Structures are given as C-alpha cells and as structure tokens.
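See below for my_file-v8.txt, which holds compact mmCIF, N, CA and C atoms.
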```txt
# COMPACT_ATOMS: atom_id res chain seq x y z
N MET A 187 109.93 101.17 66.62
CA MET A 187 109.86 101.03 68.04
C MET A 187 108.86 102.04 68.57
N LEU A 188 108.13 101.62 69.58
CA LEU A 188 107.16 102.52 70.20
C LEU A 188 107.79 103.17 71.42
N ILE A 189 107.72 104.49 71.48
CA ILE A 189 108.19 105.25 72.63
C ILE A 189 106.95 105.80 73.32
N ARG A 190 106.84 105.54 74.62
CA ARG A 190 105.72 106.08 75.40
C ARG A 190 106.30 107.02 76.46
N TYR A 191 105.73 108.21 76.52
CA TYR A 191 106.21 109.24 77.45
C TYR A 191 105.20 109.41 78.58
N PHE A 192 105.72 109.67 79.77
CA PHE A 192 104.87 109.88 80.93
C PHE A 192 105.26 111.19 81.61
N ALA A 193 104.27 111.84 82.22
CA ALA A 193 104.45 113.05 83.04
C ALA A 193 105.29 114.11 82.32
N ALA A 194 106.40 114.54 82.94
CA ALA A 194 107.22 115.61 82.37
C ALA A 194 107.80 115.24 81.01
N ALA A 195 108.04 113.96 80.78
CA ALA A 195 108.55 113.54 79.46
C ALA A 195 107.48 113.78 78.39
N ARG A 196 106.23 113.51 78.73
CA ARG A 196 105.12 113.76 77.80
C ARG A 196 105.05 115.25 77.47
N ALA A 197 105.20 116.09 78.49
CA ALA A 197 105.14 117.53 78.28
C ALA A 197 106.31 118.01 77.42
N ALA A 198 107.51 117.50 77.68
CA ALA A 198 108.69 117.94 76.94
C ALA A 198 108.68 117.47 75.48
N ALA A 199 108.13 116.28 75.25
CA ALA A 199 108.06 115.75 73.88
C ALA A 199 106.86 116.30 73.12
N GLY A 200 105.86 116.76 73.86
CA GLY A 200 104.66 117.28 73.22
C GLY A 200 103.74 116.18 72.71
N THR A 201 103.92 114.97 73.20
CA THR A 201 103.09 113.84 72.79
C THR A 201 103.17 112.76 73.86
N ASP A 202 102.18 111.87 73.88
CA ASP A 202 102.25 110.78 74.85
C ASP A 202 102.90 109.53 74.29
N ALA A 203 103.01 109.45 72.97
CA ALA A 203 103.65 108.28 72.34
C ALA A 203 104.03 108.61 70.90
N GLU A 204 105.00 107.89 70.41
CA GLU A 204 105.39 108.03 69.01
C GLU A 204 106.11 106.78 68.56
N THR A 205 106.11 106.57 67.27
CA THR A 205 106.87 105.48 66.68
C THR A 205 108.18 106.06 66.18
N LEU A 206 109.27 105.41 66.56
CA LEU A 206 110.60 105.87 66.19
C LEU A 206 111.23 104.86 65.24
N GLU A 207 111.62 105.35 64.08
CA GLU A 207 112.34 104.50 63.13
C GLU A 207 113.81 104.49 63.52
N THR A 208 114.35 103.31 63.72
CA THR A 208 115.75 103.19 64.08
C THR A 208 116.56 102.75 62.86
N PRO A 209 117.87 103.01 62.87
CA PRO A 209 118.70 102.62 61.73
C PRO A 209 118.61 101.12 61.45
N ALA A 210 118.41 100.77 60.21
CA ALA A 210 118.28 99.36 59.84
C ALA A 210 119.63 98.67 59.73
N ASP A 211 120.69 99.46 59.62
CA ASP A 211 122.01 98.87 59.37
C ASP A 211 122.75 98.43 60.64
N ARG A 212 122.20 98.76 61.82
CA ARG A 212 122.87 98.35 63.06
C ARG A 212 121.87 98.36 64.21
N PRO A 213 122.13 97.53 65.22
CA PRO A 213 121.26 97.56 66.40
C PRO A 213 121.46 98.85 67.18
N CYS A 214 120.47 99.23 67.93
CA CYS A 214 120.53 100.47 68.72
C CYS A 214 120.60 100.16 70.20
N THR A 215 121.33 101.00 70.90
CA THR A 215 121.33 100.96 72.36
C THR A 215 120.29 101.96 72.86
N ARG A 216 120.01 101.89 74.15
CA ARG A 216 119.11 102.90 74.72
C ARG A 216 119.71 104.29 74.54
N ARG A 217 121.01 104.41 74.67
CA ARG A 217 121.70 105.70 74.48
C ARG A 217 121.46 106.22 73.05
N ASP A 218 121.54 105.32 72.06
CA ASP A 218 121.28 105.71 70.67
C ASP A 218 119.84 106.21 70.51
N VAL A 219 118.91 105.52 71.13
CA VAL A 219 117.50 105.91 71.05
C VAL A 219 117.30 107.28 71.67
N GLU A 220 117.92 107.52 72.82
CA GLU A 220 117.82 108.83 73.46
C GLU A 220 118.33 109.93 72.53
N ALA A 221 119.45 109.68 71.87
CA ALA A 221 120.01 110.67 70.93
C ALA A 221 119.05 110.93 69.77
N LEU A 222 118.43 109.88 69.25
CA LEU A 222 117.45 110.05 68.17
C LEU A 222 116.25 110.87 68.64
N LEU A 223 115.82 110.64 69.87
CA LEU A 223 114.67 111.38 70.41
C LEU A 223 115.01 112.86 70.59
N VAL A 224 116.21 113.14 71.06
CA VAL A 224 116.62 114.54 71.24
C VAL A 224 116.67 115.25 69.90
N ARG A 225 117.17 114.55 68.87
CA ARG A 225 117.19 115.16 67.52
C ARG A 225 115.79 115.34 66.96
N ALA A 226 114.89 114.43 67.30
CA ALA A 226 113.51 114.53 66.81
C ALA A 226 112.72 115.63 67.51
N HIS A 227 113.17 116.03 68.71
CA HIS A 227 112.47 117.04 69.50
C HIS A 227 113.46 118.10 69.98
N PRO A 228 114.03 118.86 69.05
CA PRO A 228 115.07 119.83 69.44
C PRO A 228 114.53 121.01 70.26
N GLU A 229 113.29 121.36 70.06
CA GLU A 229 112.68 122.50 70.77
C GLU A 229 111.47 122.01 71.56
N PRO A 230 111.44 122.29 72.86
CA PRO A 230 110.28 121.85 73.64
C PRO A 230 109.08 122.75 73.39
N PRO A 231 107.89 122.27 73.72
CA PRO A 231 106.72 123.14 73.67
C PRO A 231 106.94 124.32 74.63
N PRO A 232 106.29 125.44 74.39
CA PRO A 232 106.46 126.61 75.27
C PRO A 232 106.23 126.27 76.74
N GLY A 233 107.16 126.73 77.57
CA GLY A 233 107.05 126.53 79.00
C GLY A 233 107.52 125.18 79.51
N GLN A 234 108.02 124.34 78.62
CA GLN A 234 108.46 123.00 79.03
C GLN A 234 109.99 122.90 78.94
N PRO A 235 110.58 122.00 79.73
CA PRO A 235 112.03 121.81 79.64
C PRO A 235 112.39 121.03 78.38
N PRO A 236 113.61 121.17 77.90
CA PRO A 236 114.03 120.37 76.75
C PRO A 236 113.96 118.87 77.05
N LEU A 237 113.62 118.10 76.05
CA LEU A 237 113.51 116.66 76.24
C LEU A 237 114.84 116.08 76.72
N ALA A 238 115.96 116.60 76.25
CA ALA A 238 117.27 116.09 76.67
C ALA A 238 117.43 116.17 78.18
N GLU A 239 116.97 117.24 78.79
CA GLU A 239 117.06 117.39 80.25
C GLU A 239 116.19 116.37 80.96
N VAL A 240 115.01 116.14 80.43
CA VAL A 240 114.09 115.19 81.04
C VAL A 240 114.64 113.77 80.91
N LEU A 241 115.16 113.43 79.74
CA LEU A 241 115.71 112.09 79.53
C LEU A 241 116.87 111.82 80.49
N ALA A 242 117.69 112.84 80.75
CA ALA A 242 118.86 112.67 81.61
C ALA A 242 118.50 112.26 83.03
N ARG A 243 117.30 112.58 83.47
CA ARG A 243 116.92 112.24 84.85
C ARG A 243 115.80 111.18 84.90
N SER A 244 115.50 110.59 83.75
CA SER A 244 114.41 109.61 83.68
C SER A 244 114.88 108.18 83.89
N SER A 245 113.92 107.35 84.23
CA SER A 245 114.09 105.90 84.24
C SER A 245 113.41 105.37 82.98
N PHE A 246 113.78 104.16 82.59
CA PHE A 246 113.25 103.58 81.36
C PHE A 246 112.80 102.15 81.60
N LEU A 247 111.71 101.80 80.95
CA LEU A 247 111.25 100.42 80.91
C LEU A 247 111.32 99.97 79.46
N LEU A 248 111.89 98.81 79.24
CA LEU A 248 111.95 98.22 77.90
C LEU A 248 111.07 96.98 77.92
N ASP A 249 110.00 97.03 77.16
CA ASP A 249 109.02 95.94 77.14
C ASP A 249 108.58 95.57 78.55
N GLY A 250 108.38 96.61 79.40
CA GLY A 250 107.86 96.41 80.74
C GLY A 250 108.89 96.05 81.80
N VAL A 251 110.17 95.99 81.43
CA VAL A 251 111.23 95.62 82.36
C VAL A 251 112.19 96.78 82.51
N ALA A 252 112.63 97.06 83.74
CA ALA A 252 113.58 98.15 83.98
C ALA A 252 114.78 98.04 83.06
N CYS A 253 115.18 99.18 82.52
CA CYS A 253 116.31 99.24 81.59
C CYS A 253 117.26 100.36 82.05
N PRO A 254 118.01 100.11 83.14
CA PRO A 254 118.85 101.17 83.70
C PRO A 254 120.15 101.43 82.93
N ASP A 255 120.59 100.48 82.13
CA ASP A 255 121.88 100.60 81.44
C ASP A 255 121.70 101.27 80.08
N PRO A 256 122.31 102.45 79.88
CA PRO A 256 122.20 103.12 78.58
C PRO A 256 122.80 102.31 77.43
N GLY A 257 123.64 101.35 77.75
CA GLY A 257 124.23 100.50 76.72
C GLY A 257 123.38 99.30 76.35
N SER A 258 122.23 99.15 76.99
CA SER A 258 121.33 98.02 76.68
C SER A 258 120.85 98.11 75.25
N MET A 259 120.79 96.96 74.60
CA MET A 259 120.29 96.90 73.23
C MET A 259 118.76 97.02 73.26
N VAL A 260 118.23 97.79 72.31
CA VAL A 260 116.79 98.02 72.22
C VAL A 260 116.33 97.49 70.86
N PRO A 261 115.47 96.47 70.86
CA PRO A 261 115.01 95.92 69.58
C PRO A 261 114.12 96.90 68.82
N ALA A 262 114.17 96.82 67.51
CA ALA A 262 113.39 97.73 66.66
C ALA A 262 111.90 97.59 66.89
N ASP A 263 111.45 96.44 67.37
CA ASP A 263 110.02 96.24 67.61
C ASP A 263 109.67 96.36 69.10
N GLY A 264 110.57 96.93 69.89
CA GLY A 264 110.36 97.06 71.33
C GLY A 264 109.48 98.24 71.69
N VAL A 265 109.12 98.28 72.98
CA VAL A 265 108.38 99.40 73.55
C VAL A 265 109.25 99.98 74.67
N LEU A 266 109.60 101.25 74.53
CA LEU A 266 110.43 101.93 75.52
C LEU A 266 109.58 102.99 76.20
N ASP A 267 109.42 102.85 77.52
CA ASP A 267 108.68 103.83 78.32
C ASP A 267 109.68 104.77 78.98
N VAL A 268 109.39 106.07 78.91
CA VAL A 268 110.23 107.10 79.52
C VAL A 268 109.50 107.60 80.76
N LEU A 269 110.11 107.38 81.93
CA LEU A 269 109.49 107.68 83.21
C LEU A 269 110.33 108.69 83.99
N PRO A 270 109.97 109.96 83.94
CA PRO A 270 110.71 110.94 84.73
C PRO A 270 110.39 110.73 86.21
N PRO A 271 111.19 111.35 87.10
CA PRO A 271 110.87 111.22 88.53
C PRO A 271 109.46 111.76 88.81
N PHE A 272 108.76 111.05 89.66
CA PHE A 272 107.41 111.43 90.04
C PHE A 272 107.43 111.98 91.47
N SER A 273 106.59 112.94 91.73
CA SER A 273 106.42 113.49 93.08
C SER A 273 107.74 113.88 93.74
N GLY A 274 108.62 114.46 92.95
CA GLY A 274 109.88 114.94 93.50
C GLY A 274 110.90 113.86 93.74
N GLY A 275 110.61 112.59 93.33
CA GLY A 275 111.51 111.47 93.60
C GLY A 275 112.54 111.27 92.57
```

Will you turn the file into structure tokens for me?
Amino acid sequence: MLIRYFAAARAAAGTDAETLETPADRPCTRRDVEALLVRAHPEPPPGQPPLAEVLARSSFLLDGVACPDPGSMVPADGVLDVLPPFSGG
C-alpha cells in the first residue's frame, strides 16, 4: 500500500511517501495501518512531533475518497493520504 504524507505528517514521518507492507494473513483497517506507521516511525526527525500525534489529528483519503472511520478496511493495493489540519484548521 502506498502512504502519502502531507504538511506536518510529512515532517513527522521524515518522508513524503512510502510503501507499507501489510499482513498477508488478514485484511487491515485504517486503525491497523496507523499502528503499523507508528511502529515504523517510533522517533520523529529532530524538532518534529511524533507521527502518532500527527495521525491522531489528521484526516485520511483512501484512493482519493474521505476515510473518516478508523474501522474502514484498507486494501493492500490502496493509496492512503495522511492530511493533517492545514492553516490551523
């Protein structure tokens, strides 16, 4: 699955995009993906907030469509965009 980070999420992850391997033995929810991302990025780059904090206040798009439910299923070949609040919103 492709994860694309924007703004503060990009800074916290230290990258603008990455490919995430998900467990092959079961489908993943957005919540599962978030947990995998936090484990993949336990320490933020210097001066940046932890990715877990950014994810907690972010919105998500799954294949270009809003994905507000953490229990939503995320396909292994999907694209998940992480969109933190912009301009104080």

So which residues fall inside 6.5 Å of (110.9, 110.2, 84.9) if we count all atoms listed in the file? Mind giving them as a ChimeraX atom specification?
/A:195,243-245,268-272

List the neighbours of Leu266 of chain A out to 6 Å using all atoms listed in the file; skip same-chain residues closer than 6 positions along the sequence, and give me the result as a PyMOL selection string.
chain A and resi 188-190+247-249

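Coordinates place atom CA of Leu237 of chain A at a distance of 25.2 Å from atom C of Ala210 of chain A.
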
Leaving out Arg216 of chain A and any residue of its chain fewer than 3 positions from it, which residues lie within 7 Å of it when counting only C-alpha atoms, given as a list of chain:residue names?
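Here the qualifying residues turn out to be A:Val219, A:Glu220, A:Pro256, A:Gly257, A:Ser258, A:Met259, A:Val260.
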
As JSON: centre and edge lengths in Å, one decimal, of the axis-aligned box holding segment 198-208 of chain A with 3 Å per side:
```
{"center_x": 109.4, "center_y": 110.3, "center_z": 70.3, "size_x": 20.4, "size_y": 21.2, "size_z": 20.8}
```

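If you measure from each of A:Phe192, A:Gly200, A:Gly264, A:Cys214 to Gly233 of chain A using only C-alpha atoms, the closest one turns out to be A:Gly200.
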
Find the distance between atom C of Ala252 of chain A and atom C of Pro213 of chain A and write it in Å to one decimal.
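These atoms are spaced 17.2 Å apart.
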
Atom N of His227 of chain A to atom N of Val265 of chain A, distance in Å rounded to a single decimal
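One can read the atom N of His227 of chain A to atom N of Val265 of chain A distance as 18.7 Å.
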
Selected residue of minimal separation from Leu206 of chain A among A:Ala226, A:Met187, A:Ala242, A:Ala193, counting all atoms listed in the file:
A:Met187

Run DSSP on the backbone and tell me which residues of chain A come out as strand (DSSP E); list them as a list in words.
Leu188, Ile189, Arg190, Tyr191, Ala203, Glu204, Thr205, Cys214, Thr215, Ser245, Phe246, Leu247, Leu248, Val251, Ala252, Met259, Val260, Val265, Leu266, Asp267, Val268 and Leu269 of chain A

Just list the residues in segment 190-260 of chain A DSSP gives alpha helix (DSSP H) on the backbone, as a list in words.
Ala194, Ala195, Arg196, Ala197, Ala198, Ala199, Arg216, Arg217, Asp218, Val219, Glu220, Ala221, Leu222, Leu223, Val224, Arg225, Ala226, Leu237, Ala238, Glu239, Val240, Leu241 and Ala242 of chain A

Using only N, CA and C atoms, can you tell me which of A:Thr215, A:Tyr191, A:Pro209, A:Gln234 comes closest to Asp255 of chain A?
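Among A:Thr215, A:Tyr191, A:Pro209, A:Gln234, it is A:Thr215 that comes nearest to Asp255 of chain A.
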